[in-house]
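Trainee: This structure is in structure tokens; I'll ask about it shortly.
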Amino acid sequence: MLVKRVIPIFLVIVAAVSLDALASPTLDQSHLGSDDLMETIYNNRQLAQTFTVGIAGTLDSVVLDLIYDQEAPTYDITVELRTTTGGLPDWPANSLASVQFNTSVLTTTFALYSVDFSSSSVPVSVGDQLAIVLISQDDSDHAASWHIAYNNPYSGGQFYDDLGTGTTWDTKDYDAYFQTYVEPSVIPAPAALHLVVIGFSYFVLQRRKFV
């Protein structure tokens, strides 16, 4: 009798866990490597890497491969998520989200740093092309850099820079190292739905039998 009552409850719990797992941040785009190449973020310069969304939902965070490559005073860097037009990053008026950090968190070796955009609740759809833009808030030659690879190895986007004018993007023949995480739209998996239906139906039958 106890076993018969536990089974449907177990099935419902499993289904609930399955549905909840679908909503967890999931790795979408990823371009990482080990080349010793970099582009420096300084003197009000803007660097941008575009990418193509592969998972529908809400963009949770981006991961950047960065380095602070010389002894220098620290400064602030702004990371923006922007829309694109014709493949090019749009200008600040079309910024979807913005996070600022200080270079004091960086090290003198390449390392991955997560930038949290979850509070901005940016919706994304499969095929959207967005841009990660890094902007120096310092007008000197202090040197934090973004890890890159030549010959455009990432097929879903392109690397650009703007030398402080805020008006013109220069197309580069390389891509930055980055990752994007998306909290997927909660669409119940067929298997999970089947578990819910089976569990609930079995529970109803048992109640009718033993009440």
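Labels used: A, B, ... for chains in the order of the structure tokens, numbers from 1 for residues in each chain, and numbers from 1 for ligands as shown.
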So that I can check the secondary structure, give me every residue of stretch 30-179 of chain A assigned strand (DSSP E) by backbone DSSP, as a count of residues only.

Mentor: 81

Trainee: Find the residues near A:Val133: any atom within 9 Å, counting only C-alpha atoms, skip ones fewer than 2 places away on the same chain, and give them as a PDB file with N, CA and C atoms, in the first residue's frame.

Mentor:
```pdb
ATOM      1  N   GLN A  46      36.905  51.426 -27.511  1.00  0.00           N
ATOM      2  CA  GLN A  46      35.850  50.433 -27.404  1.00  0.00           C
ATOM      3  C   GLN A  46      36.228  49.196 -28.212  1.00  0.00           C
ATOM      4  N   LEU A  47      36.083  48.030 -27.578  1.00  0.00           N
ATOM      5  CA  LEU A  47      36.275  46.753 -28.265  1.00  0.00           C
ATOM      6  C   LEU A  47      34.937  46.025 -28.272  1.00  0.00           C
ATOM      7  N   ALA A  48      34.645  45.326 -29.359  1.00  0.00           N
ATOM      8  CA  ALA A  48      33.350  44.636 -29.457  1.00  0.00           C
ATOM      9  C   ALA A  48      33.499  43.280 -30.123  1.00  0.00           C
ATOM     10  N   GLN A  49      32.773  42.301 -29.595  1.00  0.00           N
ATOM     11  CA  GLN A  49      32.675  40.981 -30.197  1.00  0.00           C
ATOM     12  C   GLN A  49      31.197  40.675 -30.392  1.00  0.00           C
ATOM     13  N   THR A  50      30.796  40.440 -31.628  1.00  0.00           N
ATOM     14  CA  THR A  50      29.406  40.061 -31.871  1.00  0.00           C
ATOM     15  C   THR A  50      29.258  38.546 -31.771  1.00  0.00           C
ATOM     16  N   THR A  78      33.699  49.370 -18.638  1.00  0.00           N
ATOM     17  CA  THR A  78      32.267  49.105 -18.769  1.00  0.00           C
ATOM     18  C   THR A  78      32.048  47.997 -19.791  1.00  0.00           C
ATOM     19  N   VAL A  79      31.213  47.031 -19.432  1.00  0.00           N
ATOM     20  CA  VAL A  79      30.831  45.959 -20.356  1.00  0.00           C
ATOM     21  C   VAL A  79      29.366  46.169 -20.706  1.00  0.00           C
ATOM     22  N   GLU A  80      29.097  46.353 -21.993  1.00  0.00           N
ATOM     23  CA  GLU A  80      27.726  46.560 -22.450  1.00  0.00           C
ATOM     24  C   GLU A  80      27.283  45.423 -23.355  1.00  0.00           C
ATOM     25  N   LEU A  81      26.004  45.146 -23.317  1.00  0.00           N
ATOM     26  CA  LEU A  81      25.378  44.231 -24.264  1.00  0.00           C
ATOM     27  C   LEU A  81      24.548  45.094 -25.203  1.00  0.00           C
ATOM     28  N   ARG A  82      24.833  45.011 -26.507  1.00  0.00           N
ATOM     29  CA  ARG A  82      24.151  45.881 -27.465  1.00  0.00           C
ATOM     30  C   ARG A  82      23.520  45.086 -28.599  1.00  0.00           C
ATOM     31  N   PRO A  89      28.004  46.464 -34.215  1.00  0.00           N
ATOM     32  CA  PRO A  89      27.417  46.832 -32.925  1.00  0.00           C
ATOM     33  C   PRO A  89      26.763  48.209 -33.011  1.00  0.00           C
ATOM     34  N   ALA A 131      26.050  42.155 -29.446  1.00  0.00           N
ATOM     35  CA  ALA A 131      27.459  42.518 -29.307  1.00  0.00           C
ATOM     36  C   ALA A 131      27.825  42.698 -27.844  1.00  0.00           C
ATOM     37  N   ILE A 135      34.430  49.052 -22.852  1.00  0.00           N
ATOM     38  CA  ILE A 135      34.776  50.461 -22.986  1.00  0.00           C
ATOM     39  C   ILE A 135      35.690  50.870 -21.840  1.00  0.00           C
TER      40      ILE A 135
END
```

Trainee: Which neighbours of A:Thr103 fall inside 8 Å, counting only C-alpha atoms, when residues of the same chain fewer than 6 positions from it are skipped, and could you give them as number ranges by chain?

Mentor: A: 68, 74-77, 144

Trainee: Skip A:Thr180 itself and residues of its chain fewer than 6 positions away, then list as a list in words all residues within 8 Å of it, counting only C-alpha atoms.

Mentor: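 Listed by chain and then number, they are Leu27, Asp28, Gln29, Ser30, Leu59, Asp60, Ser61, Val62 and Val63 of chain A.
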
Trainee: Within 12 Å of A:Tyr174, counting only C-alpha atoms, which residues show up once you throw out same-chain ones fewer than 4 positions away? Write them as a PDB file with N, CA and C atoms, in the first residue's frame, please.

Mentor:
```pdb
ATOM      1  N   HIS A  31      33.692  30.503 -27.291  1.00  0.00           N
ATOM      2  CA  HIS A  31      34.902  30.580 -28.106  1.00  0.00           C
ATOM      3  C   HIS A  31      36.068  30.845 -27.162  1.00  0.00           C
ATOM      4  N   ASP A  35      45.839  30.955 -27.402  1.00  0.00           N
ATOM      5  CA  ASP A  35      46.802  31.824 -28.077  1.00  0.00           C
ATOM      6  C   ASP A  35      47.256  32.947 -27.146  1.00  0.00           C
ATOM      7  N   LEU A  37      47.631  36.097 -27.682  1.00  0.00           N
ATOM      8  CA  LEU A  37      47.342  37.327 -28.414  1.00  0.00           C
ATOM      9  C   LEU A  37      46.285  38.117 -27.655  1.00  0.00           C
ATOM     10  N   MET A  38      46.330  39.437 -27.783  1.00  0.00           N
ATOM     11  CA  MET A  38      45.406  40.264 -27.010  1.00  0.00           C
ATOM     12  C   MET A  38      45.154  41.595 -27.702  1.00  0.00           C
ATOM     13  N   GLU A  39      44.019  42.199 -27.366  1.00  0.00           N
ATOM     14  CA  GLU A  39      43.707  43.565 -27.777  1.00  0.00           C
ATOM     15  C   GLU A  39      43.500  44.394 -26.514  1.00  0.00           C
ATOM     16  N   LEU A  47      36.083  48.030 -27.578  1.00  0.00           N
ATOM     17  CA  LEU A  47      36.275  46.753 -28.265  1.00  0.00           C
ATOM     18  C   LEU A  47      34.937  46.025 -28.272  1.00  0.00           C
ATOM     19  N   ALA A  48      34.645  45.326 -29.359  1.00  0.00           N
ATOM     20  CA  ALA A  48      33.350  44.636 -29.457  1.00  0.00           C
ATOM     21  C   ALA A  48      33.499  43.280 -30.123  1.00  0.00           C
ATOM     22  N   GLN A  49      32.773  42.301 -29.595  1.00  0.00           N
ATOM     23  CA  GLN A  49      32.675  40.981 -30.197  1.00  0.00           C
ATOM     24  C   GLN A  49      31.197  40.675 -30.392  1.00  0.00           C
ATOM     25  N   THR A  50      30.796  40.440 -31.628  1.00  0.00           N
ATOM     26  CA  THR A  50      29.406  40.061 -31.871  1.00  0.00           C
ATOM     27  C   THR A  50      29.258  38.546 -31.771  1.00  0.00           C
ATOM     28  N   TRP A 146      41.942  42.007 -23.807  1.00  0.00           N
ATOM     29  CA  TRP A 146      41.002  40.926 -24.104  1.00  0.00           C
ATOM     30  C   TRP A 146      41.729  39.898 -24.959  1.00  0.00           C
ATOM     31  N   HIS A 147      41.668  38.647 -24.540  1.00  0.00           N
ATOM     32  CA  HIS A 147      42.326  37.533 -25.224  1.00  0.00           C
ATOM     33  C   HIS A 147      41.664  37.313 -26.587  1.00  0.00           C
ATOM     34  N   ILE A 148      42.470  37.143 -27.644  1.00  0.00           N
ATOM     35  CA  ILE A 148      41.922  36.994 -29.000  1.00  0.00           C
ATOM     36  C   ILE A 148      42.607  35.857 -29.753  1.00  0.00           C
ATOM     37  N   ALA A 149      42.026  35.508 -30.897  1.00  0.00           N
ATOM     38  CA  ALA A 149      42.617  34.537 -31.826  1.00  0.00           C
ATOM     39  C   ALA A 149      42.451  35.076 -33.241  1.00  0.00           C
ATOM     40  N   TYR A 150      43.489  34.959 -34.050  1.00  0.00           N
ATOM     41  CA  TYR A 150      43.463  35.467 -35.420  1.00  0.00           C
ATOM     42  C   TYR A 150      42.672  34.556 -36.363  1.00  0.00           C
ATOM     43  N   ASN A 151      42.391  35.103 -37.548  1.00  0.00           N
ATOM     44  CA  ASN A 151      41.745  34.392 -38.666  1.00  0.00           C
ATOM     45  C   ASN A 151      40.278  34.061 -38.416  1.00  0.00           C
ATOM     46  N   ASN A 152      39.632  34.860 -37.600  1.00  0.00           N
ATOM     47  CA  ASN A 152      38.180  34.736 -37.397  1.00  0.00           C
ATOM     48  C   ASN A 152      37.696  33.306 -37.162  1.00  0.00           C
ATOM     49  N   PRO A 153      38.172  32.637 -36.107  1.00  0.00           N
ATOM     50  CA  PRO A 153      37.767  31.246 -35.870  1.00  0.00           C
ATOM     51  C   PRO A 153      36.321  31.073 -35.409  1.00  0.00           C
ATOM     52  N   TYR A 154      35.706  32.133 -34.860  1.00  0.00           N
ATOM     53  CA  TYR A 154      34.316  32.028 -34.404  1.00  0.00           C
ATOM     54  C   TYR A 154      33.396  32.434 -35.548  1.00  0.00           C
ATOM     55  N   SER A 155      32.582  31.494 -36.008  1.00  0.00           N
ATOM     56  CA  SER A 155      31.762  31.724 -37.203  1.00  0.00           C
ATOM     57  C   SER A 155      30.489  32.520 -36.933  1.00  0.00           C
ATOM     58  N   GLY A 157      30.145  35.436 -35.366  1.00  0.00           N
ATOM     59  CA  GLY A 157      30.268  36.869 -35.142  1.00  0.00           C
ATOM     60  C   GLY A 157      31.595  37.414 -35.616  1.00  0.00           C
ATOM     61  N   GLN A 158      31.934  38.615 -35.135  1.00  0.00           N
ATOM     62  CA  GLN A 158      33.105  39.334 -35.626  1.00  0.00           C
ATOM     63  C   GLN A 158      33.634  40.248 -34.523  1.00  0.00           C
ATOM     64  N   PHE A 159      34.931  40.539 -34.579  1.00  0.00           N
ATOM     65  CA  PHE A 159      35.547  41.454 -33.615  1.00  0.00           C
ATOM     66  C   PHE A 159      35.709  42.828 -34.254  1.00  0.00           C
ATOM     67  N   TYR A 160      35.439  43.874 -33.452  1.00  0.00           N
ATOM     68  CA  TYR A 160      35.559  45.255 -33.935  1.00  0.00           C
ATOM     69  C   TYR A 160      36.239  46.110 -32.874  1.00  0.00           C
ATOM     70  N   ASP A 161      36.810  47.244 -33.313  1.00  0.00           N
ATOM     71  CA  ASP A 161      37.246  48.238 -32.343  1.00  0.00           C
ATOM     72  C   ASP A 161      36.928  49.639 -32.839  1.00  0.00           C
ATOM     73  N   ASP A 170      35.967  49.550 -36.672  1.00  0.00           N
ATOM     74  CA  ASP A 170      36.989  48.991 -37.554  1.00  0.00           C
ATOM     75  C   ASP A 170      36.916  47.471 -37.446  1.00  0.00           C
TER      76      ASP A 170
END
```

Trainee: Between A:Ala97, A:Ala176, A:Leu134, A:Leu112, which is the closest to A:Asp65 once you count only C-alpha atoms?

Mentor: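 Nearest candidate to A:Asp65 out of A:Ala97, A:Ala176, A:Leu134, A:Leu112: A:Leu112.
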
Trainee: Can you check which residues of stretch 8-169 of chain A DSSP gives as alpha helix (DSSP H) on the backbone and send them as a ChimeraX atom specification?

Mentor: /A:8-22

Trainee: Which residue, A:Phe110, A:Trp169, A:Phe117, A:Tyr181, has the smallest gap to A:Thr26 when you use only C-alpha atoms?

Mentor: A:Tyr181
